[in-house]
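This report refers to the structure that appears directly beneath it.
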Amino acid sequence: MTLLETLARGAGAIAAYAAVGVVLLIIGFYVIDLATPGKLSTVIRSERNPNATLLATSALAAVGLIVAASIWSSGGRLTEGLAGTAVFGLVGIVVQTVAMLVFDRVVGISVRDLVKEPELQPGSRLLAVTHVAIGLITAVAVI
């Protein structure tokens, strides 16, 4: 294989993984949107709510960890790597959503209540760390 062919193949793989990653980030954002009152992008952009922003960014960071681990563990097998990235990313999003519901029920930290608060709340910090921790746990499990 020539250098040009190697570079083209690598660039194609990067583009494919990036596309899957972007789709997973968008899905993750909309899943968080379902858990918050109002339209999340409006709550962040117009209301400038720090709680909604922290929860959304931490969830997306967690998805990014899972995507990165899935790519790394693919071992250069593009088709299997893309499929694994999609599946593991979706599993991570589901697990994060379940964790939010569990925290709401067991610990009593309601995402819906948090995003109504104009000031950054301790519960948002706890849920944000939980998002990242779940993303890290899922990422390591993928590896």
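Residue numbering restarts at 1 for every chain of the structure tokens, chains are lettered A, B, ... in their displayed order, and ligands are numbered from 1 as they appear.
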Problem - Those of chain A in DSSP helix (DSSP H, G or I), formatted as a ChimeraX atom specification - result: /A:3-35,40-45,50-73,78-107,111-114,122-142
Practice task
Would you list the contacts of Thr53 of chain A as a ChimeraX atom specification, taking every protein, DNA or RNA residue within 10 Å and counting only C-alpha atoms, but skipping same-chain residues closer than 6 positions in sequence?
Solution key: /A:40-41,43-45,59,115,120,124,128
Exercise for the section: List the neighbours of Gly135 of chain A out to 10 Å using only C-alpha atoms; skip same-chain residues closer than 6 positions along the sequence, and give me the result as a list in words. Expected result: Ser58, Ala59, Leu60, Ala61, Ala62, Val63, Gly64, Leu65, Ile66, Val67, Ala69, Gly89, Gly92, Ile93, Val95, Gln96, Val129 and Ala141 of chain A
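The closest residue to Ile26 of chain A, picked from A:Ile137, A:Leu127, A:Leu90, A:Val132 and counting only C-alpha atoms, is A:Leu90.
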Practice task
Go ahead and compute the interatomic distance for atom CA of Leu34 of chain A and atom CA of Val106 of chain A, in Å to one decimal.
Solution key: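 Distance reported for this atom pair: 19.9 Å.
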Practice task
Give me the residues within 12 Å of Ile14 of chain A as a list of chain:residue names, counting only C-alpha atoms and dropping any in the same chain fewer than 5 places off.
Solution key: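 The residues that qualify are A:Leu7, A:Ala8, A:Arg9, A:Ala19, A:Val20, A:Gly21, A:Val22, A:Ala68, A:Ile71, A:Trp72, A:Gly76, A:Leu78, A:Gly81, A:Leu82.
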Residues near Ala99 of chain A, cut-off 10 Å, only C-alpha atoms, skip fewer than 5 positions along chain, as a compact mmCIF listing (two decimals) with C-alpha atoms, in the first residue's frame:
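Saved the output as selection02.txt:
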# COMPACT_ATOMS: atom_id res chain seq x y z
CA ILE A 93 -26.14 7.07 27.20
CA VAL A 94 -28.71 4.63 28.57
CA ASP A 104 -33.66 11.28 41.50
CA ARG A 105 -35.44 8.40 43.28
CA LEU A 127 -24.64 14.52 38.88
CA THR A 130 -21.57 10.89 38.16
CA HIS A 131 -21.91 11.35 34.38
CA ILE A 134 -20.12 6.42 34.40
Exercise for the section: Would you work out the distance separating atom CA of Gly28 of chain A from atom CA of Leu55 of chain A, expressed in Å to one decimal? Expected result: 11.1 Å
Handout entry: Counting only C-alpha atoms, the residue of A:Val111, A:Leu101, A:Ala13, A:Gly123 that sits nearest Gly38 of chain A
Key =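 Smallest distance to Gly38 of chain A is found for A:Val111.
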